[in-house]
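Quick notes on the structure that follows.
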Amino acid sequence: MDMVIVLGSGNSGAGAVHDFLLSREDFQSPFNGKEFRLVNDPDGIDELYCSFYDNFSVNGCANKINNFLTFTNNYYFSNYNKKNKILDKSFIKLSREFIKNISYIEYNGSPQFFFDKISFLKKINFYFKRFILNKNSKEIDLIKMIMPCSRNQFLYYSENYIKKIFRSNYNFDEKKNIVIEQGGNFLNPISSTKYYGKQRKIIVVTRNPKAIYWSMKRRNSLSYPGNDVKIFVKWYKEFITKINKEEFRGVINIKFENFFENFETETKILSNKLNIDINIKNTFNLDYTLKNLYKYKDNLSSDEISYIDNNLNEYY
């Protein structure tokens with residue numbers, strides 16, 4: 001069983017490459033083809049790691065643990081999860097077990113930043129238990145203070161945590177490969193996906209900026225600047241400068257338009273790189289993707305196309 005992680009910049013066509021692999025009989029997505037955000041979203045696993053080991057402080061660790069538990073709870077009870085049925089009911093339990101495993105030392109505490117953040121009623125409750133009932137920190141509901149385990153242990157427990165989440169899915173098949181969409185950070189594709197284990201294979205998908213802009217504009221995206229071409233161009237230029245070029249050289253790079261225009265040749269190349277059988281049947285709808293490949297030509301204004309061409313032609 002191999003694990004393939006497909007990453008894109010957003011509106012880059014990574015979803016189509018993911019869907020192609022998922023349409024093969026030897027692949028599965030534990031999340032019904034939806035994105036897995038637990039690693040890369042704010043307060044996810046990657047931020048935990050960075051807070052523990054790259055920017056350590058005692059209070060910072062406590063804050064990130066608290067944020068992670070809130071994040072996983074909100075993730076599970078979100079409408080997105082209810083609609084797409086991504087996470088099994090065991091997810092909350094697995095998340096708490098993960099926090100316990102990565103906590104080398106733990107105790108209840110109330111540093112000033114935490115006390116400043118809690119509500120007035122919780123402060124009253126704290127004062128009552130602390131000074132009227134004379135309870136100690138073990139007996140009061142405070143924030144979890146920790147000293148983390150080692151880096152290697154964190155990676156070990158992260159990999160096991162993620163795999164347990166995968167296996168908890170009701171239709172998981174041990175014999176099939178796994179494909180995950182947006183399971184890491186496009187800008188740092190190797191370092192941001194280390195939590196999946198050493199056997200992972202990473203695909204990075206890039207696309208013509210005009211098509212990216214049209215996709216943002218068409219979807220009226222709330223996460224990206226799709227309503228102003230000048231802001232988009234500035235955003236894109238700045239975004240591209242943050243790519244870790246060294247990491248990009250260590251992954252499978254796919255140019256969206258080239259891949260689907262030369263589908264037969266490119267899928268053979270990809271199969272060789274992934275070490276999968278090119279003859280395995282797939283149900284991918286290539287005609288649908290080809291039909292949408294250059295829709296920006298009919299939907300963007302000539303001024304928008306010219307502006308992007310004049311400012312971003314080096315990125316095609």
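The way I read the labels, and the way they are meant: chains A, B, ... in the order of the structure tokens, residue 1 as the first residue of every chain, and ligand 1 as the first ligand shown, with later ones counted on from there.
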Which residues, written as a PDB file with N, CA and C atoms, in the first residue's frame, have at least one atom at most 12 Å from Leu94 of chain A, with only C-alpha atoms counted and residues fewer than 3 positions away on the same chain left out?
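Okay, result-v3.pdb is ready:
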```pdb
ATOM      1  N   LEU A  69      -6.723  20.835  19.976  1.00  0.00           N
ATOM      2  CA  LEU A  69      -7.898  20.113  20.475  1.00  0.00           C
ATOM      3  C   LEU A  69      -9.189  20.817  20.068  1.00  0.00           C
ATOM      4  N   THR A  72      -9.557  20.118  16.175  1.00  0.00           N
ATOM      5  CA  THR A  72     -10.032  18.767  15.845  1.00  0.00           C
ATOM      6  C   THR A  72     -11.496  18.593  16.229  1.00  0.00           C
ATOM      7  N   ASN A  73     -11.889  19.183  17.346  1.00  0.00           N
ATOM      8  CA  ASN A  73     -13.292  19.103  17.757  1.00  0.00           C
ATOM      9  C   ASN A  73     -14.193  19.820  16.753  1.00  0.00           C
ATOM     10  N   TYR A  76     -14.419  17.901  13.406  1.00  0.00           N
ATOM     11  CA  TYR A  76     -15.318  16.743  13.442  1.00  0.00           C
ATOM     12  C   TYR A  76     -16.789  17.158  13.389  1.00  0.00           C
ATOM     13  N   LEU A  87     -14.656  11.981   8.499  1.00  0.00           N
ATOM     14  CA  LEU A  87     -14.074  11.450   9.728  1.00  0.00           C
ATOM     15  C   LEU A  87     -15.033  10.510  10.451  1.00  0.00           C
ATOM     16  N   ASP A  88     -14.497   9.410  10.932  1.00  0.00           N
ATOM     17  CA  ASP A  88     -15.262   8.444  11.708  1.00  0.00           C
ATOM     18  C   ASP A  88     -15.487   8.977  13.124  1.00  0.00           C
ATOM     19  N   LYS A  89     -16.459   8.419  13.832  1.00  0.00           N
ATOM     20  CA  LYS A  89     -16.777   8.864  15.192  1.00  0.00           C
ATOM     21  C   LYS A  89     -15.631   8.651  16.174  1.00  0.00           C
ATOM     22  N   SER A  90     -14.654   7.814  15.814  1.00  0.00           N
ATOM     23  CA  SER A  90     -13.505   7.578  16.693  1.00  0.00           C
ATOM     24  C   SER A  90     -12.467   8.696  16.603  1.00  0.00           C
ATOM     25  N   PHE A  91     -12.674   9.668  15.729  1.00  0.00           N
ATOM     26  CA  PHE A  91     -11.671  10.701  15.469  1.00  0.00           C
ATOM     27  C   PHE A  91     -11.299  11.488  16.723  1.00  0.00           C
ATOM     28  N   GLU A  97      -5.776  10.703  22.126  1.00  0.00           N
ATOM     29  CA  GLU A  97      -4.707   9.721  22.329  1.00  0.00           C
ATOM     30  C   GLU A  97      -3.398  10.236  21.734  1.00  0.00           C
ATOM     31  N   PHE A  98      -3.489  10.890  20.586  1.00  0.00           N
ATOM     32  CA  PHE A  98      -2.310  11.466  19.936  1.00  0.00           C
ATOM     33  C   PHE A  98      -1.660  12.513  20.828  1.00  0.00           C
ATOM     34  N   ILE A  99      -2.465  13.413  21.398  1.00  0.00           N
ATOM     35  CA  ILE A  99      -1.928  14.449  22.289  1.00  0.00           C
ATOM     36  C   ILE A  99      -1.265  13.811  23.507  1.00  0.00           C
ATOM     37  N   LYS A 100      -1.863  12.781  24.052  1.00  0.00           N
ATOM     38  CA  LYS A 100      -1.272  12.093  25.200  1.00  0.00           C
ATOM     39  C   LYS A 100       0.075  11.479  24.831  1.00  0.00           C
ATOM     40  N   ASN A 101       0.162  10.902  23.645  1.00  0.00           N
ATOM     41  CA  ASN A 101       1.399  10.249  23.207  1.00  0.00           C
ATOM     42  C   ASN A 101       2.546  11.236  22.999  1.00  0.00           C
ATOM     43  N   TYR A 157       4.452   9.097  16.132  1.00  0.00           N
ATOM     44  CA  TYR A 157       3.065   9.133  16.617  1.00  0.00           C
ATOM     45  C   TYR A 157       2.145   9.817  15.607  1.00  0.00           C
ATOM     46  N   SER A 158       2.657  10.798  14.891  1.00  0.00           N
ATOM     47  CA  SER A 158       1.840  11.457  13.869  1.00  0.00           C
ATOM     48  C   SER A 158       1.464  10.495  12.762  1.00  0.00           C
ATOM     49  N   ASN A 160       1.292   7.258  12.876  1.00  0.00           N
ATOM     50  CA  ASN A 160       0.335   6.270  13.379  1.00  0.00           C
ATOM     51  C   ASN A 160      -1.053   6.868  13.580  1.00  0.00           C
ATOM     52  N   TYR A 161      -1.106   8.084  14.053  1.00  0.00           N
ATOM     53  CA  TYR A 161      -2.382   8.793  14.243  1.00  0.00           C
ATOM     54  C   TYR A 161      -3.111   8.941  12.911  1.00  0.00           C
ATOM     55  N   ILE A 162      -2.396   9.386  11.881  1.00  0.00           N
ATOM     56  CA  ILE A 162      -3.007   9.582  10.571  1.00  0.00           C
ATOM     57  C   ILE A 162      -3.483   8.255   9.990  1.00  0.00           C
ATOM     58  N   LYS A 163      -2.655   7.221  10.111  1.00  0.00           N
ATOM     59  CA  LYS A 163      -3.039   5.922   9.557  1.00  0.00           C
ATOM     60  C   LYS A 163      -4.246   5.328  10.285  1.00  0.00           C
ATOM     61  N   LYS A 164      -4.345   5.576  11.585  1.00  0.00           N
ATOM     62  CA  LYS A 164      -5.516   5.105  12.330  1.00  0.00           C
ATOM     63  C   LYS A 164      -6.778   5.828  11.861  1.00  0.00           C
ATOM     64  N   ILE A 165      -6.634   7.116  11.547  1.00  0.00           N
ATOM     65  CA  ILE A 165      -7.774   7.870  11.011  1.00  0.00           C
ATOM     66  C   ILE A 165      -8.196   7.275   9.669  1.00  0.00           C
ATOM     67  N   PHE A 166      -7.216   6.979   8.819  1.00  0.00           N
ATOM     68  CA  PHE A 166      -7.517   6.374   7.524  1.00  0.00           C
ATOM     69  C   PHE A 166      -8.256   5.051   7.700  1.00  0.00           C
ATOM     70  N   ARG A 167      -7.712   4.214   8.564  1.00  0.00           N
ATOM     71  CA  ARG A 167      -8.265   2.867   8.735  1.00  0.00           C
ATOM     72  C   ARG A 167      -9.636   2.872   9.404  1.00  0.00           C
ATOM     73  N   SER A 168      -9.960   3.957  10.098  1.00  0.00           N
ATOM     74  CA  SER A 168     -11.266   4.026  10.754  1.00  0.00           C
ATOM     75  C   SER A 168     -12.395   4.247   9.755  1.00  0.00           C
TER      76      SER A 168
END
```
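Residues in contact with Gly13 of chain A at 9 Å, where only C-alpha atoms are counted and same-chain residues fewer than 6 positions away are skipped, are listed as Val205, Thr206, Arg207, Ile212, Phe256 and Glu257 of chain A.
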Find the nearest atom pair between each residue of segment 218-281 of chain A and segment 169-184 of chain A for residues within 12 Å, count only C-alpha atoms, give distances in Å to one decimal, sort rows by chain and ascending number, and present the table as a Markdown table.
```
| residue | atom | partner | partner_atom | distance |
| --- | --- | --- | --- | --- |
| A:Leu274 | CA | A:Asn177 | CA | 10.6 |
| A:Asn275 | CA | A:Asn177 | CA | 11.3 |
| A:Ile276 | CA | A:Asn177 | CA | 9.5 |
| A:Asp277 | CA | A:Asn177 | CA | 11.8 |
```
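With only C-alpha atoms as the atoms that count, the minimum distance from Ile86 of chain A to the choices A:Leu38, A:Leu286, A:Val229, A:Ile105 is reached by A:Leu38.
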What's around segment 292-301 of chain A at 7 Å? Count only C-alpha atoms, leave out sequence neighbours fewer than 4 positions away in its own chain, and write the answer as an mmCIF file with N, CA and C atoms, in the first residue's frame.
```
data_model
loop_
_atom_site.group_PDB
_atom_site.id
_atom_site.type_symbol
_atom_site.label_atom_id
_atom_site.label_comp_id
_atom_site.auth_asym_id
_atom_site.auth_seq_id
_atom_site.Cartn_x
_atom_site.Cartn_y
_atom_site.Cartn_z
ATOM 1 N N LYS A 210 -3.598 32.259 -15.870
ATOM 2 C CA LYS A 210 -4.877 32.747 -16.387
ATOM 3 C C LYS A 210 -6.010 31.785 -16.026
ATOM 4 N N ALA A 211 -5.721 30.495 -16.102
ATOM 5 C CA ALA A 211 -6.722 29.492 -15.732
ATOM 6 C C ALA A 211 -6.981 29.509 -14.221
ATOM 7 N N TRP A 214 -9.181 32.531 -13.558
ATOM 8 C CA TRP A 214 -10.562 32.285 -13.983
ATOM 9 C C TRP A 214 -11.276 31.356 -13.011
ATOM 10 N N GLU A 257 -1.981 21.609 -17.819
ATOM 11 C CA GLU A 257 -2.396 21.592 -19.234
ATOM 12 C C GLU A 257 -1.636 20.522 -20.020
ATOM 13 N N TYR A 288 -14.320 15.570 -20.182
ATOM 14 C CA TYR A 288 -14.826 16.658 -19.341
ATOM 15 C C TYR A 288 -13.698 17.619 -18.966
ATOM 16 N N ILE A 305 -6.830 39.126 -19.703
ATOM 17 C CA ILE A 305 -5.863 38.202 -20.298
ATOM 18 C C ILE A 305 -4.567 38.926 -20.627
#
```
